[in-house]
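I have placed the structure first, in the form of structure tokens, so that the comments after it can refer back to it.
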Amino acid sequence: MKDSDWKQLTHTLSGLNIREKEPLSKHTTLNVGGPARLFIEPRTESEALSALRAIRDAGAPLLVLGNGSNLLVCDAGFDGVVMHFGKAMSDITVSGTRITAQSGAPLPTVCQVAGAAALEGLEFAAGIPATLGGAACMNAGAYGAQMCDTLVCVRCATPDGQAVDIPADRMDYGYRSSRALKEHLIVLSACFSLKEGDRDTIYEKIADYRKRRKACQPLTYPSAGSFFRRPEGHFAGALIEQAGLKGFSVGAAQVSELHAGFLINLGGATARDFIALAEKVRQIVHEKSGIWLESEVRMVGDDQA
């Protein structure tokens with residue numbers, strides 16, 4: 001895009017909460033990433049849809065961002081528009097045994113609201129550091145449960161800025177995958193169907209899951225969660241540990257000594273540190289086990305090689 005095109009797009013989007021050269025390190029759980037050319041935060045669904053149409057018409061690159069918990073942004077940043085779903089679109093409503101949440105609602109908060117309403121089925125999500133939008137898109141899961149177990153409908157925006165309601169059984173959910181990923185749909189909100197339960201029992205489960213996470217995951221350091229996908233019949237963390245890579249580092253990026261499936265930021269790590277560390281881990285694990293690990297973290301930007 002020409003500079004004049006960017007100026008026009010900036011003017012078109014000026015009615016939104018818009019910032020230029022916003023550091024994406026402030027919006028990813030790894031705390032790395034350069035600036036976005038344009039950074040916008042829709043306050044309503046209609047604002048998001050109109051912005052999408054303007055971005056499409058301009059031909060600008062687009063990155064949709066929630067909590068940034070599964071993202072590695074390059075050090076040069078993202079030369080495009082970042083659409084961030086956060087507090088401005090985080091409403092959660094309860095109606096009987098159903099909960100509807102907007103894209104920017106933190107998943108642990110959705111879980112807490114369910115617990116307060118004595119509705120069970122989302123306890124597993126209490127410690128997942130994602131927004132509803134990202135979790136519904138990625139089919140986030142833990143402890144043998146996943147989003148698609150209780151989702152009944154997902155409201156999405158198409159790339160051309162149209163809203164569509166898709167029944168969960170038509171979202172093609174799989175392990176960390178969905179129709180939203182395949183068709184570049186953007187989750188605007190989602191509805192869960194839960195079961196009536198005992199509030200105290202639900203809270204006990206939530207507390208137990210959080211305790212277990214704290215005991216085995218490096219929550220005191222910035223990370224992107226599990227960095228690699230689970231190979232069929234194996235666990236990535238176990239393969240990395242068996243390869244003797246706990247504590248291995250490149251720059252300030254390190255394989256966690258607590259859980260080898262996590263790559264952590266010791267302080268001041270760059271995206272290039274993480275890319276180099278991940279590739280080294282993949283090579284050594286392959287040498288030791290014959291298995292190539294695949295990244296579960298999405299890498300964004302031009303200088304990732």
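Each chain of the structure tokens is named A, B, ... in the order shown, its residues numbered from 1; ligands are numbered from 1 in display order.
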For the contact check between region 50-165 of chain A and region 221-241 of chain A, emit one row per residue of region 50-165 of chain A within 7 Å, containing the shortest atom pair and the distance in Å rounded to one decimal, counting only C-alpha atoms, chain then rising number order, as a tab-separated table.
residue	atom	partner	partner_atom	distance
A:Ser69	CA	A:Ala224	CA	5.0
A:Asn70	CA	A:Ala224	CA	5.1
A:Leu71	CA	A:Ala224	CA	6.6
Can you pull out every residue from region 38-275 of chain A that DSSP, working from the backbone, puts in strand (DSSP E), and format the result as an MDAnalysis selection string? chainID A and resid 38:41 62:65 71:73 78:84 92:95 98:102 119:120 141:142 145:146 151:157 163:167 186:193 195:196 223:226 249:250 253:255 262:265
I'd like the contact shell of Ser177 (chain A) - 12 Å cut-off, only C-alpha atoms, skipping same-chain residues fewer than 6 positions apart - returned as a PDB file with N, CA and C atoms, in the first residue's frame.
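Final output, saved to part-v1.pdb:
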ATOM      1  N   GLY A 134     -10.352 -15.801  20.919  1.00  0.00           N
ATOM      2  CA  GLY A 134      -9.226 -16.660  20.588  1.00  0.00           C
ATOM      3  C   GLY A 134      -9.468 -18.098  20.991  1.00  0.00           C
ATOM      4  N   ALA A 135     -10.082 -18.294  22.153  1.00  0.00           N
ATOM      5  CA  ALA A 135     -10.339 -19.647  22.641  1.00  0.00           C
ATOM      6  C   ALA A 135     -11.349 -20.375  21.760  1.00  0.00           C
ATOM      7  N   ALA A 136     -12.392 -19.651  21.316  1.00  0.00           N
ATOM      8  CA  ALA A 136     -13.395 -20.270  20.446  1.00  0.00           C
ATOM      9  C   ALA A 136     -12.823 -20.549  19.069  1.00  0.00           C
ATOM     10  N   CYS A 137     -11.914 -19.719  18.625  1.00  0.00           N
ATOM     11  CA  CYS A 137     -11.285 -19.916  17.320  1.00  0.00           C
ATOM     12  C   CYS A 137     -10.328 -21.097  17.337  1.00  0.00           C
ATOM     13  N   MET A 138      -9.543 -21.216  18.416  1.00  0.00           N
ATOM     14  CA  MET A 138      -8.516 -22.251  18.514  1.00  0.00           C
ATOM     15  C   MET A 138      -9.033 -23.546  19.143  1.00  0.00           C
ATOM     16  N   ASN A 139     -10.282 -23.540  19.626  1.00  0.00           N
ATOM     17  CA  ASN A 139     -10.817 -24.685  20.366  1.00  0.00           C
ATOM     18  C   ASN A 139      -9.900 -25.015  21.543  1.00  0.00           C
ATOM     19  N   ALA A 140      -9.664 -23.994  22.359  1.00  0.00           N
ATOM     20  CA  ALA A 140      -8.786 -24.147  23.517  1.00  0.00           C
ATOM     21  C   ALA A 140      -9.301 -25.242  24.438  1.00  0.00           C
ATOM     22  N   GLY A 141      -8.364 -25.888  25.113  1.00  0.00           N
ATOM     23  CA  GLY A 141      -8.765 -26.957  26.012  1.00  0.00           C
ATOM     24  C   GLY A 141      -7.727 -27.248  27.073  1.00  0.00           C
ATOM     25  N   GLN A 146     -12.594 -29.297  26.186  1.00  0.00           N
ATOM     26  CA  GLN A 146     -12.291 -28.264  25.206  1.00  0.00           C
ATOM     27  C   GLN A 146     -13.534 -27.428  24.933  1.00  0.00           C
ATOM     28  N   MET A 147     -13.334 -26.312  24.260  1.00  0.00           N
ATOM     29  CA  MET A 147     -14.409 -25.352  24.053  1.00  0.00           C
ATOM     30  C   MET A 147     -15.627 -25.961  23.370  1.00  0.00           C
ATOM     31  N   CYS A 148     -15.388 -26.778  22.367  1.00  0.00           N
ATOM     32  CA  CYS A 148     -16.502 -27.308  21.578  1.00  0.00           C
ATOM     33  C   CYS A 148     -17.416 -28.239  22.369  1.00  0.00           C
ATOM     34  N   MET A 171     -18.810 -25.842  12.997  1.00  0.00           N
ATOM     35  CA  MET A 171     -17.555 -25.093  13.102  1.00  0.00           C
ATOM     36  C   MET A 171     -16.327 -25.955  12.803  1.00  0.00           C
ATOM     37  N   GLU A 183     -11.250 -20.571   7.375  1.00  0.00           N
ATOM     38  CA  GLU A 183     -11.932 -19.636   6.490  1.00  0.00           C
ATOM     39  C   GLU A 183     -11.677 -18.173   6.865  1.00  0.00           C
ATOM     40  N   HIS A 184     -10.743 -17.947   7.786  1.00  0.00           N
ATOM     41  CA  HIS A 184     -10.376 -16.589   8.209  1.00  0.00           C
ATOM     42  C   HIS A 184     -11.583 -15.823   8.746  1.00  0.00           C
ATOM     43  N   ARG A 229       2.657 -28.128  19.254  1.00  0.00           N
ATOM     44  CA  ARG A 229       1.478 -28.987  19.211  1.00  0.00           C
ATOM     45  C   ARG A 229       1.822 -30.364  19.764  1.00  0.00           C
ATOM     46  N   GLU A 296       2.692 -24.635  17.903  1.00  0.00           N
ATOM     47  CA  GLU A 296       1.298 -24.324  18.181  1.00  0.00           C
ATOM     48  C   GLU A 296       1.111 -22.808  18.226  1.00  0.00           C
TER      49      GLU A 296
END
Using DSSP on the backbone coordinates, identify all residues within region 26-239 of chain A classified as helix (DSSP H, G or I); present the result as JSON, numbers by chain. {"A": [26, 27, 45, 46, 47, 48, 49, 50, 51, 52, 53, 54, 55, 56, 57, 58, 87, 88, 89, 107, 108, 109, 110, 111, 112, 113, 114, 115, 116, 123, 124, 125, 126, 127, 132, 133, 134, 135, 136, 137, 138, 147, 148, 149, 168, 169, 170, 179, 180, 181, 182, 183, 199, 200, 201, 202, 203, 204, 205, 206, 207, 208, 209, 210, 211, 212, 213, 214, 215, 216, 236, 237, 238, 239]}
My list of candidates is A:Asn265, A:Gly197, A:Ile284, A:Ile206. Which is closest to Ala243 (chain A) when distances are computed with only C-alpha atoms?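 Nearest candidate to Ala243 (chain A) out of A:Asn265, A:Gly197, A:Ile284, A:Ile206: A:Ile284.
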Can you build me a table of region 257-281 of chain A residues sitting at most 12 Å from region 9-29 of chain A, with the closest atom pair per residue and its distance in Å to one decimal, using only C-alpha atoms, sorted by chain and residue number, as CSV?
residue,atom,partner,partner_atom,distance
A:Leu263,CA,A:Thr29,CA,11.5
A:Ile264,CA,A:Thr29,CA,9.9
A:Asn265,CA,A:Thr29,CA,9.6
A:Gly268,CA,A:Ser25,CA,10.5
A:Ala269,CA,A:Ser25,CA,10.7
A:Thr270,CA,A:Ser25,CA,9.8
A:Ala271,CA,A:Ser25,CA,9.9
Near-region 119-132 of chain A list (6 Å; only C-alpha atoms; drop same-chain fewer than 2 positions) as a count of residues only: 22
Need to verify the contact set: Ala60 (chain A), 8 Å, only C-alpha atoms, exclusion of same-chain residues closer than 6 positions in sequence. Can you return it as an MDAnalysis selection string? chainID A and resid 1 80:81
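Between CA of Ser249 (chain A) and CA of Gln283 (chain A) lies a distance of 14.2 Å.
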Compare A:Asp5, A:Asp57, A:Asp169, A:Glu287 by their minimum atom-to-atom distance to Cys153 (chain A), counting only C-alpha atoms, and give me the closest one. A:Asp169
Length of the CA of Lys182 (chain A) to CA of Gly133 (chain A) vector [Å]: 15.0 Å
For Tyr209 (chain A), which residue out of A:Leu72, A:Glu294, A:Ala118, A:Gly144 is the nearest one, using only C-alpha atoms? A:Gly144
Given the choices A:Ala157, A:Leu266, A:Ser178, A:Val113, which gets closest to Ile202 (chain A) if the distance is worked out from only C-alpha atoms?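 Of the candidates, the smallest distance to Ile202 (chain A) is held by A:Val113.
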Select, from A:Ala207, A:Ala190, A:Leu185, A:Ala116, the residue with the minimum atom-to-atom distance to Val152 (chain A), counting only C-alpha atoms.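 Smallest separation from Val152 (chain A) among the options: A:Ala190.
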List the spatial neighbours of Ala163 (chain A) as number ranges by chain - criterion: any atom at most 12 Å away, only C-alpha atoms, same-chain residues fewer than 6 positions off excluded. A: 45-50, 52-53, 154-157, 185-189
Restrict the selected residues to C-alpha atoms and save them as a short mmCIF file (atom, residue, chain, number, x, y, z; two decimals), in the first residue's frame.
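The file below, out-v7.cif, is the result:
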data_model
loop_
_atom_site.label_atom_id
_atom_site.label_comp_id
_atom_site.auth_asym_id
_atom_site.auth_seq_id
_atom_site.Cartn_x
_atom_site.Cartn_y
_atom_site.Cartn_z
CA GLU A 45 -19.91 -5.27 16.77
CA SER A 46 -21.02 -2.71 14.18
CA GLU A 47 -17.74 -0.83 14.59
CA ALA A 48 -15.81 -4.07 14.04
CA LEU A 49 -17.79 -4.91 10.92
CA SER A 50 -17.47 -1.45 9.38
CA LEU A 52 -13.35 -4.83 8.45
CA ARG A 53 -15.06 -3.51 5.33
CA VAL A 154 -20.50 -18.91 17.40
CA ARG A 155 -21.13 -15.48 15.89
CA CYS A 156 -18.42 -14.61 13.39
CA ALA A 157 -17.45 -11.85 11.01
CA LEU A 185 -13.52 -15.89 10.20
CA ILE A 186 -13.34 -13.57 13.20
CA VAL A 187 -15.20 -14.59 16.35
CA LEU A 188 -17.43 -11.78 17.64
CA SER A 189 -19.22 -13.70 20.39
#
